[in-house]
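**Q** I'm passing along structure03.cif; it holds mmCIF, C-alpha atoms and all ligand atoms.
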data_structure
loop_
_atom_site.label_atom_id
_atom_site.label_comp_id
_atom_site.auth_asym_id
_atom_site.auth_seq_id
_atom_site.Cartn_x
_atom_site.Cartn_y
_atom_site.Cartn_z
CA MET A 138 4.63 5.96 24.19
CA ASN A 139 2.18 8.79 23.55
CA ASN A 140 -1.52 8.39 24.25
CA HIS A 141 -4.14 10.68 22.73
CA GLU A 142 -7.84 10.46 23.55
CA LYS A 143 -10.66 11.28 21.11
CA ILE A 144 -8.28 12.48 18.44
CA SER A 145 -9.02 13.34 14.82
CA LEU A 146 -7.40 10.90 12.38
CA LYS A 147 -7.42 13.46 9.56
CA PRO A 148 -3.63 13.99 9.72
CA TYR A 149 -3.14 10.23 9.93
CA ASN A 150 -4.73 9.19 6.62
CA THR A 151 -3.72 10.39 3.16
CA PHE A 152 -7.36 10.60 1.99
CA GLY A 153 -7.72 13.34 4.60
CA ILE A 154 -10.97 11.94 6.02
CA ASP A 155 -11.96 13.54 9.31
CA VAL A 156 -13.00 10.82 11.75
CA ARG A 157 -12.06 10.40 15.40
CA ALA A 158 -10.41 7.53 17.25
CA ARG A 159 -11.33 6.82 20.85
CA ARG A 160 -7.61 6.44 21.56
CA LEU A 161 -4.43 6.77 19.52
CA VAL A 162 -1.16 5.31 20.81
CA VAL A 163 2.12 6.30 19.15
CA ILE A 164 4.99 3.88 19.81
CA GLU A 165 8.70 4.72 19.71
CA PRO A 166 11.35 2.05 18.99
CA ASP A 167 12.46 1.73 22.64
CA ASP A 168 8.97 1.52 24.18
CA ASP A 169 8.07 -1.61 26.09
CA PHE A 170 4.40 -2.14 25.38
CA ARG A 171 4.04 -5.84 26.20
CA GLY A 172 0.67 -6.62 27.72
CA LYS A 173 -0.53 -3.01 27.35
CA TRP A 174 -3.70 -3.87 25.47
CA GLU A 175 -6.63 -6.05 26.36
CA VAL A 176 -6.76 -7.61 22.92
CA GLU A 177 -9.75 -9.78 23.77
CA SER A 178 -11.94 -6.91 24.97
CA GLU A 179 -10.59 -3.95 23.04
CA ARG A 180 -10.93 -3.07 19.33
CA LEU A 181 -7.44 -2.52 17.95
CA LEU A 182 -6.33 -1.10 14.64
CA VAL A 183 -2.71 -0.89 13.52
CA LEU A 184 -2.14 2.19 11.39
CA GLY A 185 0.97 2.99 9.34
CA GLY A 186 0.89 6.19 7.31
CA GLY A 187 -2.81 5.70 6.54
CA SER A 188 -2.08 5.78 2.82
CA ASN A 189 -4.17 2.77 1.96
CA MET A 190 -7.04 3.35 4.39
CA VAL A 191 -10.50 4.82 3.97
CA PHE A 192 -12.24 5.59 7.25
CA THR A 193 -16.02 5.60 6.99
CA LYS A 194 -16.78 6.33 10.64
CA ASP A 195 -15.25 7.18 14.00
CA TYR A 196 -13.08 4.37 15.33
CA ASP A 197 -14.45 3.21 18.64
CA GLY A 198 -11.27 1.55 19.82
CA THR A 199 -7.51 1.97 20.07
CA VAL A 200 -5.45 2.88 17.03
CA ILE A 201 -1.79 1.86 17.40
CA THR A 202 0.81 3.47 15.19
CA LEU A 203 4.61 3.40 15.12
CA SER A 204 6.35 6.74 15.26
CA HIS A 205 7.69 8.00 11.91
CA SER A 206 10.56 9.83 13.65
CA VAL A 207 13.24 7.28 12.74
CA THR A 208 14.91 8.25 9.47
CA GLN A 209 17.76 5.71 9.32
CA PRO A 210 17.70 1.91 9.45
CA LEU A 211 18.25 0.30 12.88
CA GLY A 212 21.06 -1.89 11.60
CA ARG A 213 22.96 -3.25 8.63
CA SER A 214 24.92 -6.47 8.16
CA ASP A 215 26.49 -6.67 4.71
CA THR A 216 23.52 -6.58 2.33
CA LEU A 217 20.88 -7.06 5.05
CA VAL A 218 19.26 -3.83 6.24
CA THR A 219 16.85 -3.78 9.18
CA ALA A 220 14.45 -0.85 9.43
CA TRP A 221 11.90 0.26 12.04
CA GLY A 222 8.34 -0.49 10.96
CA GLY A 223 7.33 3.16 11.34
CA MET A 224 10.12 4.49 9.11
CA VAL A 225 8.87 6.14 5.94
CA MET A 226 9.46 3.58 3.17
CA ASP A 227 10.72 6.15 0.69
CA ASP A 228 13.36 7.31 3.21
CA LEU A 229 14.56 3.71 3.37
CA VAL A 230 14.76 3.53 -0.44
CA GLN A 231 16.90 6.69 -0.52
CA TRP A 232 19.09 5.50 2.36
CA THR A 233 19.82 2.19 0.61
CA LEU A 234 20.90 3.94 -2.60
CA ASP A 235 23.04 6.38 -0.61
CA HIS A 236 24.79 3.38 0.93
CA GLY A 237 25.41 1.43 -2.30
CA LEU A 238 22.61 -1.08 -1.85
CA TYR A 239 20.25 -1.74 -4.74
CA GLY A 240 16.92 -3.32 -5.48
CA LEU A 241 14.37 -0.95 -3.97
CA GLU A 242 14.77 1.85 -6.54
CA ASN A 243 11.67 0.76 -8.52
CA LEU A 244 9.62 1.14 -5.31
CA SER A 245 10.52 4.83 -5.09
CA ALA A 246 7.89 7.31 -3.91
CA ILE A 247 5.34 4.77 -2.71
CA PRO A 248 3.73 6.49 0.28
CA GLY A 249 3.63 4.73 3.64
CA THR A 250 5.83 2.93 6.09
CA VAL A 251 8.27 0.04 6.13
CA GLY A 252 5.93 -2.07 8.31
CA ALA A 253 3.08 -1.71 5.84
CA SER A 254 5.38 -2.52 2.90
CA ALA A 255 5.41 -6.08 4.24
CA VAL A 256 1.68 -6.19 5.02
CA GLN A 257 0.76 -4.92 1.56
CA ASN A 258 3.64 -6.45 -0.38
CA VAL A 259 3.84 -3.06 -2.08
CA GLY A 260 4.75 -3.10 -5.72
CA ALA A 261 5.39 -0.81 -8.65
CA TYR A 262 7.20 -0.77 -11.98
CA GLY A 263 7.95 -4.49 -12.07
CA ALA A 264 9.18 -4.85 -8.47
CA GLU A 265 7.51 -6.00 -5.28
CA ALA A 266 8.62 -5.76 -1.67
CA LYS A 267 8.53 -9.57 -1.41
CA ASP A 268 11.44 -9.79 -3.85
CA PHE A 269 13.69 -8.20 -1.21
CA ILE A 270 12.15 -8.90 2.20
CA HIS A 271 14.36 -11.27 4.16
CA SER A 272 12.38 -11.37 7.42
CA VAL A 273 9.77 -9.55 9.47
CA GLU A 274 9.81 -9.07 13.26
CA ALA A 275 6.48 -8.46 14.91
CA TYR A 276 4.71 -8.43 18.23
CA ASP A 277 1.77 -10.85 18.33
CA LEU A 278 -0.93 -8.85 20.08
CA LEU A 279 -3.06 -11.96 20.53
CA GLU A 280 -0.49 -14.27 22.06
CA ARG A 281 1.53 -11.40 23.55
CA ARG A 282 4.93 -12.49 22.30
CA TYR A 283 7.54 -11.39 19.81
CA CYS A 284 7.85 -13.46 16.64
CA THR A 285 9.95 -13.54 13.49
CA PHE A 286 8.71 -14.49 10.04
CA SER A 287 10.94 -15.61 7.18
CA ASN A 288 10.02 -14.47 3.68
CA ALA A 289 8.29 -17.82 3.04
CA ASP A 290 6.33 -17.57 6.32
CA CYS A 291 4.79 -14.28 5.12
CA HIS A 292 2.83 -15.98 2.27
CA PHE A 293 3.34 -13.03 -0.02
CA ALA A 294 1.14 -12.65 -3.10
CA TYR A 295 -0.07 -9.73 -5.24
CA ARG A 296 -0.67 -6.91 -2.68
CA ASP A 297 -1.19 -9.61 -0.10
CA SER A 298 0.49 -11.36 2.82
CA LEU A 299 -0.33 -13.44 5.87
CA PHE A 300 -0.59 -10.20 7.89
CA LYS A 301 -3.48 -8.91 5.77
CA HIS A 302 -5.57 -11.91 6.70
CA GLN A 303 -5.24 -11.37 10.46
CA PRO A 304 -5.76 -7.61 10.83
CA GLY A 305 -4.93 -6.25 14.26
CA ARG A 306 -3.02 -9.36 15.31
CA TYR A 307 0.56 -8.51 14.41
CA LEU A 308 2.33 -5.25 15.06
CA ILE A 309 5.27 -5.26 12.64
CA LEU A 310 8.20 -3.64 14.41
CA ARG A 311 11.09 -4.31 12.06
CA VAL A 312 11.56 -5.47 8.49
CA THR A 313 14.88 -6.76 7.17
CA TYR A 314 15.50 -6.25 3.48
CA CYS A 315 18.14 -8.23 1.53
CA LEU A 316 19.66 -6.04 -1.18
CA SER A 317 22.43 -6.19 -3.73
CA GLU A 318 25.76 -4.37 -3.89
CA THR A 319 25.52 -4.44 -7.68
CA PHE A 320 23.05 -2.20 -9.49
CA ILE A 321 21.24 -4.21 -12.16
CA PRO A 322 18.46 -1.97 -13.47
CA ASN A 323 15.08 -3.65 -13.53
CA LEU A 324 13.49 -2.25 -16.70
CA SER A 325 11.09 -5.16 -17.21
CA TYR A 326 8.06 -2.90 -16.86
CA LYS A 327 7.05 -1.47 -20.24
CA ALA A 328 6.73 2.15 -19.05
CA LEU A 329 10.41 2.12 -18.02
CA GLU A 330 11.65 1.66 -21.58
CA GLY A 331 14.04 4.48 -22.41
CA MET A 332 14.25 5.74 -18.80
CA PRO A 333 17.66 7.03 -17.71
CA HIS A 334 19.33 4.26 -15.71
CA ASP A 335 23.08 4.87 -15.65
CA THR A 336 22.75 4.95 -11.87
CA ALA A 337 20.07 3.71 -9.49
CA GLN A 338 19.57 7.29 -8.31
CA GLN A 339 18.80 8.36 -11.88
CA LEU A 340 16.25 5.59 -12.25
CA ARG A 341 14.74 6.48 -8.88
CA GLU A 342 14.33 10.11 -9.90
CA ALA A 343 12.81 9.22 -13.26
CA ILE A 344 10.35 6.83 -11.62
CA THR A 345 9.45 9.39 -8.96
CA GLU A 346 8.77 12.03 -11.59
CA MET A 347 6.68 9.67 -13.70
CA ARG A 348 4.65 8.55 -10.66
CA TRP A 349 3.74 12.07 -9.60
CA SER A 350 2.81 13.04 -13.15
CA LYS A 351 0.00 10.46 -12.93
CA LEU A 352 -0.99 10.56 -9.25
CA PRO A 353 -2.50 13.24 -7.02
CA ARG A 354 0.08 14.56 -4.59
CA PRO A 355 -1.24 13.85 -1.07
CA GLU A 356 -0.57 17.46 0.03
CA GLU A 357 -2.89 18.72 -2.75
CA HIS A 358 -5.57 16.03 -3.10
CA GLY A 359 -6.14 13.20 -0.68
CA SER A 360 -6.25 9.66 -2.05
CA ALA A 361 -5.29 6.10 -1.25
CA GLY A 362 -3.41 5.54 -4.50
CA SER A 363 -4.83 2.76 -6.65
CA PHE A 364 -8.28 2.21 -5.25
CA PHE A 365 -8.95 -1.14 -6.98
CA LYS A 366 -6.83 -4.20 -7.60
CA ASN A 367 -6.23 -5.32 -11.17
CA PRO A 368 -8.78 -8.12 -11.62
CA VAL A 369 -7.71 -11.61 -12.62
CA VAL A 370 -10.11 -13.36 -15.00
CA ASP A 371 -10.25 -16.80 -16.61
CA GLU A 372 -9.19 -17.50 -20.19
CA THR A 373 -12.77 -17.49 -21.60
CA THR A 374 -13.53 -14.08 -20.10
CA TYR A 375 -10.22 -12.65 -21.32
CA PHE A 376 -10.72 -13.76 -24.93
CA ARG A 377 -14.38 -12.65 -24.90
CA LEU A 378 -13.29 -9.17 -23.77
CA LYS A 379 -10.41 -9.08 -26.26
CA ASP A 380 -12.91 -9.88 -29.05
CA GLU A 381 -15.37 -7.25 -27.91
CA HIS A 382 -12.69 -4.60 -27.21
CA PRO A 383 -9.70 -5.00 -29.53
CA ASP A 384 -8.22 -1.85 -27.95
CA MET A 385 -8.00 -3.54 -24.53
CA PRO A 386 -4.38 -3.65 -23.36
CA ASN A 387 -2.78 -7.08 -23.30
CA ALA A 388 -3.29 -8.87 -20.03
CA TYR A 389 -0.47 -10.18 -17.85
CA ARG A 390 -0.57 -13.96 -17.59
CA SER A 391 -0.51 -15.06 -13.98
CA ASP A 392 -0.72 -18.49 -12.33
CA ASN A 393 -4.46 -18.19 -11.80
CA GLY A 394 -5.56 -16.41 -15.00
CA TYR A 395 -5.22 -13.15 -16.91
CA LYS A 396 -4.62 -9.94 -15.00
CA LEU A 397 -6.53 -7.06 -16.61
CA SER A 398 -5.98 -3.34 -16.17
CA ALA A 399 -8.62 -2.07 -13.73
CA GLY A 400 -7.73 1.49 -14.78
CA TRP A 401 -8.55 0.71 -18.42
CA LEU A 402 -11.91 -0.87 -17.51
CA ILE A 403 -12.89 2.15 -15.38
CA ASP A 404 -11.74 4.58 -18.06
CA LYS A 405 -13.57 2.65 -20.80
CA ALA A 406 -16.72 2.66 -18.66
CA GLY A 407 -16.51 6.45 -18.78
CA TRP A 408 -15.56 7.29 -15.18
CA LYS A 409 -12.21 9.04 -15.67
CA GLY A 410 -12.43 12.66 -14.52
CA ARG A 411 -15.97 12.31 -13.16
CA THR A 412 -16.97 13.33 -9.64
CA GLN A 413 -19.79 12.18 -7.42
CA ASP A 414 -20.49 14.15 -4.23
CA ARG A 415 -17.07 15.31 -3.02
CA VAL A 416 -15.06 12.42 -4.50
CA GLY A 417 -13.60 12.18 -7.97
CA VAL A 418 -11.88 9.79 -10.35
CA TRP A 419 -8.44 11.25 -11.03
CA PRO A 420 -8.37 12.70 -14.56
CA LYS A 421 -4.88 11.31 -15.28
CA ASN A 422 -5.43 7.87 -13.77
CA ALA A 423 -8.85 6.22 -13.56
CA LEU A 424 -7.66 3.78 -10.89
CA VAL A 425 -7.34 6.56 -8.33
CA LEU A 426 -10.27 8.02 -6.39
CA TYR A 427 -9.48 11.37 -4.78
CA ASN A 428 -10.85 13.76 -2.22
CA ALA A 429 -12.31 16.65 -4.20
CA GLY A 430 -12.87 18.69 -0.99
CA GLY A 431 -13.78 17.54 2.51
CA CYS A 432 -15.24 14.20 1.45
CA SER A 433 -16.47 11.55 3.84
CA GLY A 434 -15.57 7.88 3.76
CA ASP A 435 -19.17 7.03 2.88
CA GLU A 436 -18.94 9.21 -0.21
CA VAL A 437 -15.79 7.32 -1.26
CA ARG A 438 -17.51 4.00 -0.64
CA SER A 439 -20.53 5.11 -2.62
CA LEU A 440 -18.52 6.20 -5.69
CA ALA A 441 -16.51 2.97 -5.51
CA ALA A 442 -19.75 0.94 -5.44
CA SER A 443 -21.14 2.84 -8.47
CA ILE A 444 -17.94 2.09 -10.42
CA GLN A 445 -17.94 -1.56 -9.40
CA GLN A 446 -21.57 -1.96 -10.44
CA ASP A 447 -21.03 -0.26 -13.80
CA VAL A 448 -17.85 -2.21 -14.66
CA LYS A 449 -19.59 -5.47 -13.72
CA GLN A 450 -22.55 -4.58 -15.94
CA LYS A 451 -20.47 -3.44 -18.92
CA PHE A 452 -17.68 -6.05 -18.85
CA GLY A 453 -18.83 -8.82 -16.51
CA VAL A 454 -15.72 -8.23 -14.36
CA ALA A 455 -15.75 -7.75 -10.58
CA LEU A 456 -13.42 -5.12 -9.15
CA ASP A 457 -12.10 -5.60 -5.60
CA PRO A 458 -10.86 -2.62 -3.64
CA GLU A 459 -7.15 -2.49 -2.91
CA ALA A 460 -7.78 0.23 -0.32
CA ILE A 461 -8.83 -0.95 3.14
CA ILE A 462 -12.25 0.35 4.08
CA ILE A 463 -12.72 0.76 7.83
C1 LIG B 1 -0.63 8.48 -3.97
C2 LIG B 1 -0.48 7.03 -3.59
C3 LIG B 1 0.21 6.16 -4.41
C4 LIG B 1 0.35 4.81 -4.08
N1 LIG B 1 1.06 3.98 -4.90
C5 LIG B 1 1.22 2.68 -4.58
C6 LIG B 1 1.99 1.79 -5.41
O1 LIG B 1 2.52 2.19 -6.45
N2 LIG B 1 2.10 0.51 -5.03
C7 LIG B 1 1.55 0.02 -3.89
O2 LIG B 1 1.72 -1.17 -3.59
N3 LIG B 1 0.84 0.84 -3.07
C8 LIG B 1 0.65 2.14 -3.39
N4 LIG B 1 -0.08 2.96 -2.58
C9 LIG B 1 -0.73 2.41 -1.39
C10 LIG B 1 0.11 2.57 -0.11
O3 LIG B 1 1.16 3.45 -0.32
C11 LIG B 1 0.65 1.22 0.38
O4 LIG B 1 -0.39 0.29 0.58
C12 LIG B 1 1.46 1.39 1.68
O5 LIG B 1 2.14 0.20 1.98
C13 LIG B 1 0.59 1.76 2.84
O6 LIG B 1 1.44 2.13 3.88
P1 LIG B 1 0.93 2.83 5.19
O7 LIG B 1 2.07 2.87 6.14
O8 LIG B 1 0.30 4.12 4.87
O9 LIG B 1 -0.14 1.77 5.70
P2 LIG B 1 -1.65 1.99 6.16
O10 LIG B 1 -2.45 2.47 5.01
O11 LIG B 1 -1.70 2.75 7.41
O12 LIG B 1 -2.03 0.47 6.48
C14 LIG B 1 -2.13 -0.47 5.46
C15 LIG B 1 -2.30 -1.87 6.12
O13 LIG B 1 -1.13 -2.21 6.79
C16 LIG B 1 -1.38 -2.44 8.18
N5 LIG B 1 -0.20 -1.92 8.89
C17 LIG B 1 0.39 -0.71 8.70
N6 LIG B 1 1.51 -0.63 9.47
C18 LIG B 1 1.58 -1.81 10.15
C19 LIG B 1 2.49 -2.34 11.12
N7 LIG B 1 3.56 -1.66 11.54
N8 LIG B 1 2.24 -3.57 11.62
C20 LIG B 1 1.17 -4.30 11.21
N9 LIG B 1 0.27 -3.86 10.31
C21 LIG B 1 0.49 -2.63 9.78
C22 LIG B 1 -2.65 -1.70 8.49
O14 LIG B 1 -3.33 -2.26 9.59
C23 LIG B 1 -3.41 -1.91 7.18
O15 LIG B 1 -3.97 -3.20 7.17
C24 LIG B 1 -0.23 4.33 -2.89
C25 LIG B 1 -0.91 5.21 -2.04
C26 LIG B 1 -1.04 6.56 -2.38
C27 LIG B 1 -1.76 7.48 -1.45
#
Can you turn what I pasted into structure tokens?
Ligand SMILES: Cc1cc2nc3c(=O)[nH]c(=O)nc-3n(C[C@H](O)[C@H](O)[C@H](O)COP(=O)(O)OP(=O)(O)OC[C@H]3O[C@@H](n4cnc5c(N)ncnc54)[C@H](O)[C@@H]3O)c2cc1C

**A**
Amino acid sequence: MNNHEKISLKPYNTFGIDVRARRLVVIEPDDDFRGKWEVESERLLVLGGGSNMVFTKDYDGTVITLSHSVTQPLGRSDTLVTAWGGMVMDDLVQWTLDHGLYGLENLSAIPGTVGASAVQNVGAYGAEAKDFIHSVEAYDLLERRYCTFSNADCHFAYRDSLFKHQPGRYLILRVTYCLSETFIPNLSYKALEGMPHDTAQQLREAITEMRWSKLPRPEEHGSAGSFFKNPVVDETTYFRLKDEHPDMPNAYRSDNGYKLSAGWLIDKAGWKGRTQDRVGVWPKNALVLYNAGGCSGDEVRSLAASIQQDVKQKFGVALDPEAIII
């Protein structure tokens, strides 16, 4: 276990925001950390790869992160693969394909760690982590005990899980994915029509290429990926908007309403490509806010608030951030 005092978190968040943590603890798979933290009296933040985080000030507490040094799963039993929470998710995707296990290929190139894939229920191109997560092993920092969650226990929903509602309580140490030995390409997402898919590796590469043609590469421009969630509206709102804006893309029907494209709303409101202070709206994808050069978290928050206000005024739709603002 490595302890760092008063350390900059700039290398630990993909937005590249320069704030300091009072303490940063990096955990390796064999570390015994039971009872190490005074959860009741100490502010704790669990950090993965920091790819969905926006820090707005120094963190006056302890940031706990799992080492990213592990590049192979910890174990495999038939189609069940168990990976360390700090493993880079995309390394796991590649490993599974290399070992004839399929399902995760549509989640290729999503930044971040295996542990966070369960917290966030990451999703892309018609697939979500919840479709493949078998179980999650965590350390309960409040009750100081290890616990295991089945898929149902995790209460997965769109970019949501039980873990998101109790931040700082569970440290996810291992996630077990249940995969398939047969490759059945999932081309349900419209943008995948016509993609090469003779093999899962081909589909992975095509998806990876398409993703990076629309997203800022973290090594060039910091971002947290999609900054806002796609809003879900009721039937009356959807048909009112469809009437007013016949060019609005069709909404996905979900259990609780109609899921609109937040990117389209932001683009239509005229924000695509605009910058405010040192933060911009990515010219190829209006859903992404990016660091246009040494921005602060407050500048990100301020641009996000301007967009939310404008979209609300123009369309009567509230946008909720997908990124976690600390
Ligand atoms: C360019 C770009 C593209 C993206 N594209 C997508 C996409 O297509 N789909 C998508 O779903 N997301 C996308 N994201 C968002 C991001 O990749 C995911 O949310 C990812 O799961 C975050 O992983 P992380 O390890 O960086 O987590 P962090 O951002 O560090 O943390 C996210 C949350 O998980 C918690 N957490 C992290 N690790 C653990 C752990 N071990 N135990 C307990 N809690 C933990 C944190 O406390 C926090 O609440 C994108 C981000 C970027 C920068």

**Q** Please identify every residue of chain A that has at least one atom no farther than 7 Å from an atom of ligand LIG 1 (chain B), counting all atoms listed in the file, and for each give the shortest atom pair and the distance in Å to one decimal, arranged by chain then increasing number, as CSV.

**A**
residue,atom,partner,partner_atom,distance
A:Thr151,CA,B:LIG1,C27,5.8
A:Leu182,CA,B:LIG1,O14,6.0
A:Val183,CA,B:LIG1,O14,4.2
A:Leu184,CA,B:LIG1,O11,4.0
A:Gly185,CA,B:LIG1,O11,3.3
A:Gly186,CA,B:LIG1,O8,3.3
A:Gly187,CA,B:LIG1,O11,3.3
A:Ser188,CA,B:LIG1,O8,3.6
A:Asn189,CA,B:LIG1,O10,3.5
A:Met190,CA,B:LIG1,O10,4.7
A:Thr202,CA,B:LIG1,N7,6.9
A:Leu203,CA,B:LIG1,N7,6.3
A:Gly222,CA,B:LIG1,N7,5.0
A:Gly223,CA,B:LIG1,N7,6.1
A:Ile247,CA,B:LIG1,N1,4.9
A:Pro248,CA,B:LIG1,O3,4.0
A:Gly249,CA,B:LIG1,O6,3.4
A:Thr250,CA,B:LIG1,O7,3.8
A:Val251,CA,B:LIG1,O7,6.8
A:Gly252,CA,B:LIG1,N7,4.0
A:Ala253,CA,B:LIG1,C17,4.1
A:Ser254,CA,B:LIG1,O5,4.3
A:Val256,CA,B:LIG1,O13,5.2
A:Gln257,CA,B:LIG1,O5,5.3
A:Asn258,CA,B:LIG1,O2,6.5
A:Val259,CA,B:LIG1,O2,3.2
A:Gly260,CA,B:LIG1,O2,4.2
A:Ala261,CA,B:LIG1,O1,4.7
A:Arg296,CA,B:LIG1,O2,6.3
A:Phe300,CA,B:LIG1,N9,6.8
A:Lys301,CA,B:LIG1,O15,5.9
A:Pro304,CA,B:LIG1,O15,6.0
A:Gly305,CA,B:LIG1,O14,6.3
A:Tyr307,CA,B:LIG1,C20,5.3
A:Leu308,CA,B:LIG1,N8,3.8
A:Ile309,CA,B:LIG1,N8,3.6
A:Leu310,CA,B:LIG1,N7,5.8
A:Leu352,CA,B:LIG1,C1,5.7
A:Pro353,CA,B:LIG1,C1,6.0
A:Arg354,CA,B:LIG1,C1,6.2
A:Pro355,CA,B:LIG1,C1,6.1
A:Ser360,CA,B:LIG1,C27,5.0
A:Ala361,CA,B:LIG1,C27,3.8
A:Gly362,CA,B:LIG1,C26,3.3
A:Ser363,CA,B:LIG1,C4,6.1
A:Ile461,CA,B:LIG1,O15,6.7

**Q** Measure the distance from CA of Gly430 in chain A to CA of Arg411 in chain A in Å and round it to one decimal.

**A**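 Result for CA of Gly430 in chain A versus CA of Arg411 in chain A: 14.1 Å, one decimal.
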
**Q** Using only C-alpha atoms, pick whichever of A:Ala220, A:Thr374, A:Arg160, A:Leu181 has the shortest atom-to-atom distance to Gln303 in chain A.

**A**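 Closest residue, counting only C-alpha atoms: A:Leu181.
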
**Q** Could you give me, as a list in words, the residues that sit within 12 Å of (-5.1, -11.3, -11.6) in the file's coordinates, counting all atoms listed in the file?

**A**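 The distance filter leaves exactly Ala294, Tyr295, Arg296, Phe365, Lys366, Asn367, Pro368, Val369, Val370, Asp371, Glu372, Tyr375, Ala388, Tyr389, Arg390, Ser391, Asp392, Asn393, Gly394, Tyr395, Lys396, Leu397, Ser398, Ala399, Val454, Ala455, Leu456 and Asp457 of chain A.
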
**Q** Which distance in Å separates CA of Leu378 in chain A and CA of Glu265 in chain A, to one decimal?

**A** 28.0 Å
